file coords.cif (mmCIF, C-alpha atoms, pLDDT in the B column; chains and numbers go by the auth columns)
data_my_file
#
loop_
_atom_site.group_PDB
_atom_site.id
_atom_site.type_symbol
_atom_site.label_atom_id
_atom_site.label_comp_id
_atom_site.label_asym_id
_atom_site.label_seq_id
_atom_site.Cartn_x
_atom_site.Cartn_y
_atom_site.Cartn_z
_atom_site.B_iso_or_equiv
_atom_site.auth_seq_id
_atom_site.auth_asym_id
ATOM 1 C CA MET A 1 -12.213 -21.126 -26.392 47.00 1 A
ATOM 2 C CA THR A 2 -14.502 -19.824 -23.664 49.00 2 A
ATOM 3 C CA ILE A 3 -14.534 -16.174 -22.612 44.00 3 A
ATOM 4 C CA ARG A 4 -13.088 -17.075 -19.199 46.00 4 A
ATOM 5 C CA LEU A 5 -10.251 -19.053 -20.775 44.00 5 A
ATOM 6 C CA ARG A 6 -9.471 -16.191 -23.165 41.00 6 A
ATOM 7 C CA HIS A 7 -9.316 -13.814 -20.204 39.00 7 A
ATOM 8 C CA CYS A 8 -6.922 -16.162 -18.369 41.00 8 A
ATOM 9 C CA VAL A 9 -4.646 -16.440 -21.405 40.00 9 A
ATOM 10 C CA ALA A 10 -4.632 -12.669 -21.873 38.00 10 A
ATOM 11 C CA LEU A 11 -3.843 -12.127 -18.189 37.00 11 A
ATOM 12 C CA LEU A 12 -0.983 -14.631 -18.312 44.00 12 A
ATOM 13 C CA ALA A 13 0.484 -12.929 -21.384 41.00 13 A
ATOM 14 C CA ALA A 14 0.236 -9.532 -19.721 40.00 14 A
ATOM 15 C CA LEU A 15 1.995 -10.805 -16.613 42.00 15 A
ATOM 16 C CA CYS A 16 4.821 -12.271 -18.704 45.00 16 A
ATOM 17 C CA LEU A 17 5.296 -8.995 -20.572 39.00 17 A
ATOM 18 C CA ALA A 18 5.138 -7.003 -17.340 41.00 18 A
ATOM 19 C CA GLY A 19 7.694 -9.282 -15.741 42.00 19 A
ATOM 20 C CA GLY A 20 10.115 -8.759 -18.621 41.00 20 A
ATOM 21 C CA ALA A 21 9.692 -4.992 -18.448 40.00 21 A
ATOM 22 C CA ALA A 22 10.086 -4.938 -14.689 40.00 22 A
ATOM 23 C CA TYR A 23 13.373 -6.822 -14.911 41.00 23 A
ATOM 24 C CA GLY A 24 14.908 -4.017 -16.935 42.00 24 A
ATOM 25 C CA GLN A 25 13.641 -1.396 -14.526 54.00 25 A
ATOM 26 C CA THR A 26 14.456 -2.920 -11.166 68.00 26 A
ATOM 27 C CA ALA A 27 17.252 -5.495 -11.486 79.00 27 A
ATOM 28 C CA TYR A 28 19.534 -4.001 -14.119 86.00 28 A
ATOM 29 C CA GLY A 29 21.809 -1.029 -13.486 87.00 29 A
ATOM 30 C CA SER A 30 23.022 1.851 -15.639 91.00 30 A
ATOM 31 C CA ILE A 31 26.266 3.739 -16.248 94.00 31 A
ATOM 32 C CA ASN A 32 26.550 7.310 -17.491 94.00 32 A
ATOM 33 C CA GLY A 33 28.991 10.180 -17.639 93.00 33 A
ATOM 34 C CA THR A 34 30.478 13.039 -19.601 94.00 34 A
ATOM 35 C CA VAL A 35 33.589 13.042 -21.815 95.00 35 A
ATOM 36 C CA ALA A 36 35.560 16.306 -21.952 94.00 36 A
ATOM 37 C CA ASP A 37 39.092 17.553 -22.607 93.00 37 A
ATOM 38 C CA ALA A 38 41.566 19.084 -20.175 89.00 38 A
ATOM 39 C CA SER A 39 39.867 22.491 -20.489 91.00 39 A
ATOM 40 C CA GLU A 40 36.497 20.894 -19.578 91.00 40 A
ATOM 41 C CA SER A 41 35.098 21.392 -23.079 94.00 41 A
ATOM 42 C CA VAL A 42 32.827 18.480 -23.942 95.00 42 A
ATOM 43 C CA ILE A 43 33.763 16.051 -26.709 95.00 43 A
ATOM 44 C CA PRO A 44 30.848 14.906 -28.895 95.00 44 A
ATOM 45 C CA GLY A 45 31.134 11.713 -30.924 95.00 45 A
ATOM 46 C CA ALA A 46 33.622 10.029 -28.574 95.00 46 A
ATOM 47 C CA ALA A 47 33.432 6.223 -28.645 96.00 47 A
ATOM 48 C CA VAL A 48 32.759 4.679 -25.224 96.00 48 A
ATOM 49 C CA THR A 49 33.105 0.911 -24.749 96.00 49 A
ATOM 50 C CA LEU A 50 31.734 -0.998 -21.770 97.00 50 A
ATOM 51 C CA THR A 51 33.321 -4.420 -21.223 96.00 51 A
ATOM 52 C CA ASN A 52 31.982 -7.152 -18.951 94.00 52 A
ATOM 53 C CA VAL A 53 35.115 -8.505 -17.283 93.00 53 A
ATOM 54 C CA GLY A 54 33.581 -11.923 -16.659 87.00 54 A
ATOM 55 C CA THR A 55 32.187 -12.605 -20.134 89.00 55 A
ATOM 56 C CA GLN A 56 34.299 -10.146 -22.175 92.00 56 A
ATOM 57 C CA GLY A 57 31.092 -8.982 -23.833 93.00 57 A
ATOM 58 C CA GLN A 58 31.264 -5.390 -25.097 95.00 58 A
ATOM 59 C CA THR A 59 28.729 -2.632 -25.680 96.00 59 A
ATOM 60 C CA ASP A 60 29.573 0.540 -27.611 96.00 60 A
ATOM 61 C CA VAL A 61 27.928 3.962 -27.524 96.00 61 A
ATOM 62 C CA GLU A 62 28.895 7.475 -28.644 96.00 62 A
ATOM 63 C CA THR A 63 28.694 10.694 -26.702 96.00 63 A
ATOM 64 C CA ASN A 64 25.998 13.123 -27.819 96.00 64 A
ATOM 65 C CA ALA A 65 26.371 16.812 -28.661 95.00 65 A
ATOM 66 C CA ASN A 66 26.778 17.563 -24.945 95.00 66 A
ATOM 67 C CA GLY A 67 29.513 14.967 -24.486 95.00 67 A
ATOM 68 C CA TYR A 68 27.136 12.727 -22.535 96.00 68 A
ATOM 69 C CA TYR A 69 26.919 8.938 -22.763 97.00 69 A
ATOM 70 C CA VAL A 70 24.727 6.337 -21.060 96.00 70 A
ATOM 71 C CA PHE A 71 24.473 2.557 -20.865 96.00 71 A
ATOM 72 C CA ILE A 72 21.084 1.262 -19.737 92.00 72 A
ATOM 73 C CA ASN A 73 19.851 -2.200 -18.706 90.00 73 A
ATOM 74 C CA VAL A 74 23.323 -3.305 -17.578 93.00 74 A
ATOM 75 C CA VAL A 75 23.454 -6.671 -15.810 90.00 75 A
ATOM 76 C CA PRO A 76 25.069 -6.454 -12.332 89.00 76 A
ATOM 77 C CA GLY A 77 28.698 -7.523 -12.450 90.00 77 A
ATOM 78 C CA THR A 78 32.290 -6.340 -12.905 92.00 78 A
ATOM 79 C CA TYR A 79 33.047 -3.969 -15.783 95.00 79 A
ATOM 80 C CA SER A 80 35.677 -1.693 -17.320 94.00 80 A
ATOM 81 C CA LEU A 81 35.294 1.400 -19.510 95.00 81 A
ATOM 82 C CA SER A 82 37.389 2.785 -22.356 95.00 82 A
ATOM 83 C CA VAL A 83 37.014 6.026 -24.313 95.00 83 A
ATOM 84 C CA THR A 84 38.550 7.010 -27.647 94.00 84 A
ATOM 85 C CA ALA A 85 38.243 10.216 -29.668 93.00 85 A
ATOM 86 C CA GLU A 86 40.163 11.596 -32.629 91.00 86 A
ATOM 87 C CA GLY A 87 43.144 13.683 -31.510 91.00 87 A
ATOM 88 C CA PHE A 88 43.084 12.357 -27.932 92.00 88 A
ATOM 89 C CA SER A 89 44.795 9.542 -26.083 91.00 89 A
ATOM 90 C CA ARG A 90 42.677 6.518 -25.236 92.00 90 A
ATOM 91 C CA ALA A 91 41.409 6.561 -21.638 92.00 91 A
ATOM 92 C CA VAL A 92 40.689 3.354 -19.728 93.00 92 A
ATOM 93 C CA GLU A 93 39.018 2.913 -16.382 91.00 93 A
ATOM 94 C CA PRO A 94 39.907 -0.496 -14.902 89.00 94 A
ATOM 95 C CA GLU A 95 37.573 -2.894 -13.150 91.00 95 A
ATOM 96 C CA PHE A 96 34.683 -1.626 -11.081 92.00 96 A
ATOM 97 C CA THR A 97 31.546 -3.282 -9.745 90.00 97 A
ATOM 98 C CA LEU A 98 27.988 -2.455 -10.750 91.00 98 A
ATOM 99 C CA ASN A 99 25.459 -3.635 -8.179 87.00 99 A
ATOM 100 C CA VAL A 100 21.811 -4.497 -8.651 86.00 100 A
ATOM 101 C CA ASN A 101 19.715 -1.486 -9.716 83.00 101 A
ATOM 102 C CA GLN A 102 22.701 0.831 -9.265 85.00 102 A
ATOM 103 C CA THR A 103 23.378 3.940 -11.315 87.00 103 A
ATOM 104 C CA ARG A 104 27.054 4.868 -11.620 90.00 104 A
ATOM 105 C CA THR A 105 28.538 8.057 -13.051 91.00 105 A
ATOM 106 C CA HIS A 106 31.990 7.928 -14.660 92.00 106 A
ATOM 107 C CA ASP A 107 33.291 11.169 -16.172 93.00 107 A
ATOM 108 C CA PHE A 108 36.389 11.282 -18.382 93.00 108 A
ATOM 109 C CA ALA A 109 38.867 14.097 -19.121 92.00 109 A
ATOM 110 C CA LEU A 110 40.865 13.124 -22.225 92.00 110 A
ATOM 111 C CA ALA A 111 44.410 14.271 -22.826 90.00 111 A
ATOM 112 C CA VAL A 112 45.613 15.447 -26.240 88.00 112 A
ATOM 113 C CA GLY A 113 47.678 12.759 -27.943 80.00 113 A
ATOM 114 C CA ALA A 114 47.636 9.789 -30.289 71.00 114 A
ATOM 115 C CA VAL A 115 44.856 7.228 -30.054 63.00 115 A
ATOM 116 C CA THR A 116 47.524 4.525 -29.723 66.00 116 A
ATOM 117 C CA GLU A 117 48.493 6.011 -26.346 70.00 117 A
ATOM 118 C CA THR A 118 46.518 4.745 -23.362 70.00 118 A
ATOM 119 C CA ILE A 119 45.958 6.588 -20.108 72.00 119 A
ATOM 120 C CA GLU A 120 44.563 4.644 -17.169 69.00 120 A
ATOM 121 C CA VAL A 121 42.019 6.507 -15.097 69.00 121 A
ATOM 122 C CA VAL A 122 42.204 5.968 -11.339 61.00 122 A
ATOM 123 C CA ALA A 123 38.650 6.087 -10.041 56.00 123 A
ATOM 124 C CA GLU A 124 37.974 7.472 -6.594 55.00 124 A
ATOM 125 C CA ALA A 125 34.947 6.795 -4.442 52.00 125 A
ATOM 126 C CA ALA A 126 32.287 9.368 -5.186 56.00 126 A
ATOM 127 C CA LEU A 127 31.460 11.648 -2.268 54.00 127 A
ATOM 128 C CA LEU A 128 28.029 12.378 -3.733 59.00 128 A
ATOM 129 C CA GLN A 129 25.708 10.202 -5.791 62.00 129 A
ATOM 130 C CA GLN A 130 25.229 12.273 -8.931 62.00 130 A
ATOM 131 C CA SER A 131 22.690 10.216 -10.832 63.00 131 A
ATOM 132 C CA THR A 132 20.027 9.212 -8.321 67.00 132 A
ATOM 133 C CA SER A 133 18.680 10.091 -4.893 65.00 133 A
ATOM 134 C CA GLU A 134 18.082 6.505 -3.835 70.00 134 A
ATOM 135 C CA LEU A 135 19.684 5.084 -0.710 73.00 135 A
ATOM 136 C CA GLY A 136 20.633 1.442 -0.410 77.00 136 A
ATOM 137 C CA THR A 137 23.220 -1.129 0.586 81.00 137 A
ATOM 138 C CA ALA A 138 24.291 -4.078 -1.586 84.00 138 A
ATOM 139 C CA ILE A 139 25.079 -7.367 0.175 85.00 139 A
ATOM 140 C CA THR A 140 27.540 -9.318 -1.974 85.00 140 A
ATOM 141 C CA GLU A 141 27.734 -12.997 -2.819 86.00 141 A
ATOM 142 C CA GLU A 142 30.670 -13.438 -0.448 85.00 142 A
ATOM 143 C CA ALA A 143 28.603 -12.277 2.520 86.00 143 A
ATOM 144 C CA VAL A 144 25.684 -14.517 1.568 86.00 144 A
ATOM 145 C CA LYS A 145 27.901 -17.600 1.304 84.00 145 A
ATOM 146 C CA ASP A 146 30.399 -16.970 4.111 86.00 146 A
ATOM 147 C CA LEU A 147 28.265 -15.637 6.958 86.00 147 A
ATOM 148 C CA PRO A 148 26.406 -18.234 9.064 83.00 148 A
ATOM 149 C CA LEU A 149 22.696 -18.573 8.306 81.00 149 A
ATOM 150 C CA ASN A 150 20.136 -20.464 10.342 76.00 150 A
ATOM 151 C CA GLY A 151 18.173 -22.592 7.909 73.00 151 A
ATOM 152 C CA ARG A 152 19.957 -21.145 4.825 77.00 152 A
ATOM 153 C CA ASN A 153 17.699 -18.116 4.986 80.00 153 A
ATOM 154 C CA TYR A 154 19.334 -15.041 3.484 83.00 154 A
ATOM 155 C CA SER A 155 16.898 -12.669 5.215 82.00 155 A
ATOM 156 C CA GLN A 156 19.023 -12.819 8.366 82.00 156 A
ATOM 157 C CA LEU A 157 21.515 -10.634 6.479 86.00 157 A
ATOM 158 C CA LEU A 158 19.002 -7.848 5.877 85.00 158 A
ATOM 159 C CA THR A 159 19.956 -6.199 9.161 83.00 159 A
ATOM 160 C CA LEU A 160 23.487 -5.593 7.851 85.00 160 A
ATOM 161 C CA THR A 161 21.907 -2.602 6.129 84.00 161 A
ATOM 162 C CA PRO A 162 22.139 0.735 7.973 85.00 162 A
ATOM 163 C CA GLY A 163 18.660 1.701 9.168 84.00 163 A
ATOM 164 C CA ALA A 164 17.272 -1.864 9.110 86.00 164 A
ATOM 165 C CA THR A 165 16.073 -2.969 12.537 84.00 165 A
ATOM 166 C CA PRO A 166 14.824 -6.506 13.260 78.00 166 A
ATOM 167 C CA VAL A 167 11.328 -6.425 14.698 68.00 167 A
ATOM 168 C CA SER A 168 11.492 -10.054 15.768 55.00 168 A
ATOM 169 C CA THR A 169 14.095 -12.508 14.491 45.00 169 A
ATOM 170 C CA ALA A 170 12.022 -15.440 15.769 47.00 170 A
ATOM 171 C CA GLN A 171 8.932 -14.835 13.666 46.00 171 A
ATOM 172 C CA GLY A 172 9.623 -17.951 11.600 45.00 172 A
ATOM 173 C CA ASN A 173 9.984 -20.417 14.480 43.00 173 A
ATOM 174 C CA ALA A 174 6.454 -21.762 14.204 41.00 174 A
ATOM 175 C CA GLY A 175 7.687 -25.134 12.938 39.00 175 A
ATOM 176 C CA GLY A 176 6.455 -24.840 9.377 39.00 176 A
ATOM 177 C CA THR A 177 2.809 -23.969 9.881 37.00 177 A
ATOM 178 C CA SER A 178 0.719 -22.941 6.907 41.00 178 A
ATOM 179 C CA PHE A 179 1.327 -19.282 7.764 46.00 179 A
ATOM 180 C CA ASN A 180 5.119 -19.542 7.808 46.00 180 A
ATOM 181 C CA ALA A 181 5.663 -22.341 5.284 45.00 181 A
ATOM 182 C CA PRO A 182 6.315 -20.053 2.282 51.00 182 A
ATOM 183 C CA VAL A 183 8.915 -17.933 4.047 56.00 183 A
ATOM 184 C CA ALA A 184 11.162 -20.169 6.135 59.00 184 A
ATOM 185 C CA LEU A 185 12.301 -23.732 6.634 64.00 185 A
ATOM 186 C CA PRO A 186 10.654 -25.470 9.615 64.00 186 A
ATOM 187 C CA GLY A 187 12.388 -24.449 12.837 64.00 187 A
ATOM 188 C CA SER A 188 14.523 -21.743 11.235 67.00 188 A
ATOM 189 C CA SER A 189 14.276 -18.010 11.760 68.00 189 A
ATOM 190 C CA PHE A 190 13.860 -15.133 9.352 71.00 190 A
ATOM 191 C CA ALA A 191 13.894 -11.358 9.561 75.00 191 A
ATOM 192 C CA LEU A 192 11.273 -8.868 8.469 79.00 192 A
ATOM 193 C CA PRO A 193 13.116 -5.671 9.373 84.00 193 A
ATOM 194 C CA SER A 194 11.783 -2.192 9.822 85.00 194 A
ATOM 195 C CA ILE A 195 13.713 -0.016 7.357 85.00 195 A
ATOM 196 C CA ASN A 196 14.347 3.570 8.384 83.00 196 A
ATOM 197 C CA GLY A 197 11.482 3.434 10.861 82.00 197 A
ATOM 198 C CA ALA A 198 8.831 2.319 8.362 82.00 198 A
ATOM 199 C CA TRP A 199 6.412 -0.462 9.259 81.00 199 A
ATOM 200 C CA ASN A 200 8.066 -3.792 8.521 80.00 200 A
ATOM 201 C CA ARG A 201 4.934 -4.970 6.685 80.00 201 A
ATOM 202 C CA SER A 202 5.315 -2.169 4.127 83.00 202 A
ATOM 203 C CA ASN A 203 8.464 -3.580 2.445 86.00 203 A
ATOM 204 C CA MET A 204 8.582 -5.178 -1.021 86.00 204 A
ATOM 205 C CA ASN A 205 10.561 -8.248 -2.157 88.00 205 A
ATOM 206 C CA MET A 206 11.887 -8.547 -5.716 88.00 206 A
ATOM 207 C CA LEU A 207 13.623 -11.494 -7.420 89.00 207 A
ATOM 208 C CA ASP A 208 15.411 -10.865 -10.736 87.00 208 A
ATOM 209 C CA GLY A 209 13.266 -7.803 -11.285 83.00 209 A
ATOM 210 C CA VAL A 210 9.967 -9.643 -10.718 86.00 210 A
ATOM 211 C CA ILE A 211 7.763 -9.163 -7.659 86.00 211 A
ATOM 212 C CA ASN A 212 8.365 -12.082 -5.275 86.00 212 A
ATOM 213 C CA HIS A 213 6.140 -10.849 -2.488 84.00 213 A
ATOM 214 C CA TRP A 214 3.666 -12.724 -0.307 80.00 214 A
ATOM 215 C CA PHE A 215 1.159 -9.985 0.387 76.00 215 A
ATOM 216 C CA PHE A 216 -0.784 -11.940 3.006 73.00 216 A
ATOM 217 C CA GLY A 217 2.262 -12.460 5.212 68.00 217 A
ATOM 218 C CA GLN A 218 4.234 -9.450 3.936 71.00 218 A
ATOM 219 C CA SER A 219 7.377 -11.402 3.089 77.00 219 A
ATOM 220 C CA TRP A 220 8.718 -13.229 0.009 81.00 220 A
ATOM 221 C CA ALA A 221 6.433 -15.630 -1.813 82.00 221 A
ATOM 222 C CA VAL A 222 9.218 -18.098 -2.711 82.00 222 A
ATOM 223 C CA LEU A 223 12.239 -18.481 -0.437 81.00 223 A
ATOM 224 C CA PRO A 224 15.325 -17.680 -2.590 85.00 224 A
ATOM 225 C CA ILE A 225 17.972 -20.381 -3.011 84.00 225 A
ATOM 226 C CA VAL A 226 21.113 -19.245 -1.199 85.00 226 A
ATOM 227 C CA ASP A 227 23.515 -20.957 -3.627 86.00 227 A
ATOM 228 C CA ALA A 228 21.969 -19.122 -6.581 89.00 228 A
ATOM 229 C CA VAL A 229 22.170 -15.619 -5.076 89.00 229 A
ATOM 230 C CA GLN A 230 24.593 -13.242 -6.794 88.00 230 A
ATOM 231 C CA GLU A 231 23.755 -10.320 -4.517 88.00 231 A
ATOM 232 C CA PHE A 232 20.868 -8.385 -3.106 89.00 232 A
ATOM 233 C CA LYS A 233 20.266 -4.768 -2.285 87.00 233 A
ATOM 234 C CA VAL A 234 18.168 -3.251 0.453 87.00 234 A
ATOM 235 C CA GLN A 235 16.909 0.061 -0.916 82.00 235 A
ATOM 236 C CA SER A 236 15.588 2.367 1.758 77.00 236 A
ATOM 237 C CA HIS A 237 14.689 5.411 -0.321 68.00 237 A
ATOM 238 C CA ASN A 238 13.452 5.492 -3.899 63.00 238 A
ATOM 239 C CA ASP A 239 11.943 8.215 -6.029 64.00 239 A
ATOM 240 C CA LYS A 240 11.536 6.014 -9.106 68.00 240 A
ATOM 241 C CA ALA A 241 8.044 5.405 -10.437 69.00 241 A
ATOM 242 C CA GLU A 242 8.357 1.619 -10.348 71.00 242 A
ATOM 243 C CA TYR A 243 8.555 1.761 -6.550 71.00 243 A
ATOM 244 C CA GLY A 244 5.684 4.185 -6.098 71.00 244 A
ATOM 245 C CA GLY A 245 3.566 1.677 -4.174 72.00 245 A
ATOM 246 C CA VAL A 246 6.266 0.800 -1.621 80.00 246 A
ATOM 247 C CA LEU A 247 6.116 2.677 1.669 79.00 247 A
ATOM 248 C CA GLY A 248 9.023 0.853 3.323 82.00 248 A
ATOM 249 C CA GLY A 249 12.165 -0.654 1.805 85.00 249 A
ATOM 250 C CA VAL A 250 12.765 -2.721 -1.319 88.00 250 A
ATOM 251 C CA ILE A 251 14.686 -5.990 -0.990 88.00 251 A
ATOM 252 C CA ASN A 252 16.025 -6.439 -4.517 88.00 252 A
ATOM 253 C CA LEU A 253 17.707 -9.830 -5.095 89.00 253 A
ATOM 254 C CA VAL A 254 19.292 -11.230 -8.252 89.00 254 A
ATOM 255 C CA TYR A 255 20.391 -14.741 -9.154 88.00 255 A
ATOM 256 C CA HIS A 256 23.500 -15.716 -11.080 80.00 256 A
ATOM 257 C CA ILE A 257 22.945 -15.591 -14.815 68.00 257 A
ATOM 258 C CA SER A 258 23.744 -18.989 -16.289 54.00 258 A
#
call {"tool": "encode", "arguments": {"input": "coords.cif", "output": "structure tokens"}}
result
Amino acid sequence: MTIRLRHCVALLAALCLAGGAAYGQTAYGSINGTVADASESVIPGAAVTLTNVGTQGQTDVETNANGYYVFINVVPGTYSLSVTAEGFSRAVEPEFTLNVNQTRTHDFALAVGAVTETIEVVAEAALLQQSTSELGTAITEEAVKDLPLNGRNYSQLLTLTPGATPVSTAQGNAGGTSFNAPVALPGSSFALPSINGAWNRSNMNMLDGVINHWFFGQSWAVLPIVDAVQEFKVQSHNDKAEYGGVLGGVINLVYHIS
């Protein structure tokens, strides 16, 4: 094996490993919270179960000495939570949605009683994001499939995000030239929005946690398939290290998991 070939193989392996790591950082979400009693004293060792409503898959963790629990690398989808602890009634939070790269906080206050008793927790919309300072808007599968798209190009939905302003919605109407071929079907239009006033060429496109960005044209390298889209999120403010090189917004798209 020549030196050049060995370098190519090593580079390919590094890219594969980096892609796998990036998926966990940028496409998955996380869920955390604190378990306490009615007097707000924390309950260590409480069993917390996260259930995927679609697959019925379950993940179990225990609260630490501070009554804190966390689920990391959670696939976007619909979930429910249940908490049990000795001497307290079982608490259940019904279905809620976890979006791409979203961090949700769910705190529980357990009531004294038998474990066989179940108390359903009614979740209210949080007035303040407790776990992260990021700003973003998730566009759901229903919007992608139901709203009209010219040329089946999902980018026309990017401007549904507050703070996203289309610079020119006709940038892709060049009829499929070599410059526009990777980003739009011939004759269709696409959007490269300015997000919160940043230059529209300073955005970053992600697909299933992997960079899908065409740096020459400052758009996506491979046009996502509309029918495969589960949702995407336009993130306009991020303090996380994995987005340190992005000056504008992050368009974070995930496919359905087969």
call {"tool": "atom_distance", "arguments": {"input": "coords.cif", "atom1": "CA of Val250 (chain A)", "atom2": "CA of Ser236 (chain A)"}}
result
6.6 Å
call {"tool": "resolve_selection", "arguments": {"input": "coords.cif", "expression": "the PyMOL selection byres ((chain A and resi 81) around 9)", "output": "PyMOL selection string"}}
result
chain A and resi 48-51+79-80+82-83+91-96+106
call {"tool": "resolve_selection", "arguments": {"input": "coords.cif", "expression": "the PyMOL selection byres ((chain A and resi 233) around 8)", "output": "VMD selection string"}}
result
chain A and resid 99 to 100 136 to 139 231 to 232 234 to 235 250 to 253
call {"tool": "residues_around", "arguments": {"input": "coords.cif", "residues": "Thr84 (chain A)", "least_positions_apart": "4", "cutoff": "8 Å", "atoms": "only C-alpha atoms", "output": "ChimeraX atom specification"}}
result
/A:46-48,88-91,115
call {"tool": "closest_residue", "arguments": {"input": "coords.cif", "among": "A:Thr165, A:Asn73, A:Asn212, A:Gln230", "to": "Asn200 (chain A)", "atoms": "all atoms listed in the file"}}
result
A:Thr165
call {"tool": "atom_distance", "arguments": {"input": "coords.cif", "atom1": "CA of Ala228 (chain A)", "atom2": "CA of Val246 (chain A)"}}
result
25.8 Å
call {"tool": "atom_distance", "arguments": {"input": "coords.cif", "atom1": "CA of Asn150 (chain A)", "atom2": "CA of Gly197 (chain A)"}}
result
25.4 Å
call {"tool": "residues_around", "arguments": {"input": "coords.cif", "residues": "Pro224 (chain A)", "least_positions_apart": "6", "cutoff": "9 Å", "atoms": "all atoms listed in the file", "output": "list in words"}}
result
Asn153, Tyr154, Leu207, Leu253 and Tyr255 of chain A
call {"tool": "write_last_selection", "arguments": {"input": "coords.cif", "atoms": "C-alpha atoms", "output": "PDB file, keeping the file's coordinate frame"}}
result
ATOM      1  CA  ASN A 153      17.699 -18.116   4.986  1.00 80.00           C
ATOM      2  CA  TYR A 154      19.334 -15.041   3.484  1.00 83.00           C
ATOM      3  CA  LEU A 207      13.623 -11.494  -7.420  1.00 89.00           C
ATOM      4  CA  LEU A 253      17.707  -9.830  -5.095  1.00 89.00           C
ATOM      5  CA  TYR A 255      20.391 -14.741  -9.154  1.00 88.00           C
TER       6      TYR A 255
END
call {"tool": "residues_around", "arguments": {"input": "coords.cif", "residues": "Gly45 (chain A)", "least_positions_apart": "4", "cutoff": "9 Å", "atoms": "all atoms listed in the file", "output": "list in words"}}
result
Glu62, Thr63, Asn64, Ala65, Gly67 and Ala85 of chain A
call {"tool": "closest_residue", "arguments": {"input": "coords.cif", "among": "A:Ile43, A:Val70, A:Ala38, A:Leu147", "to": "Val112 (chain A)", "atoms": "only C-alpha atoms"}}
result
A:Ala38
call {"tool": "closest_residue", "arguments": {"input": "coords.cif", "among": "A:Asp146, A:Thr103, A:Asp227, A:Val53", "to": "Ile31 (chain A)", "atoms": "only C-alpha atoms"}}
result
A:Thr103
call {"tool": "closest_residue", "arguments": {"input": "coords.cif", "among": "A:Phe215, A:Ser194, A:Val229, A:Val61", "to": "Arg152 (chain A)", "atoms": "all atoms listed in the file"}}
result
A:Val229
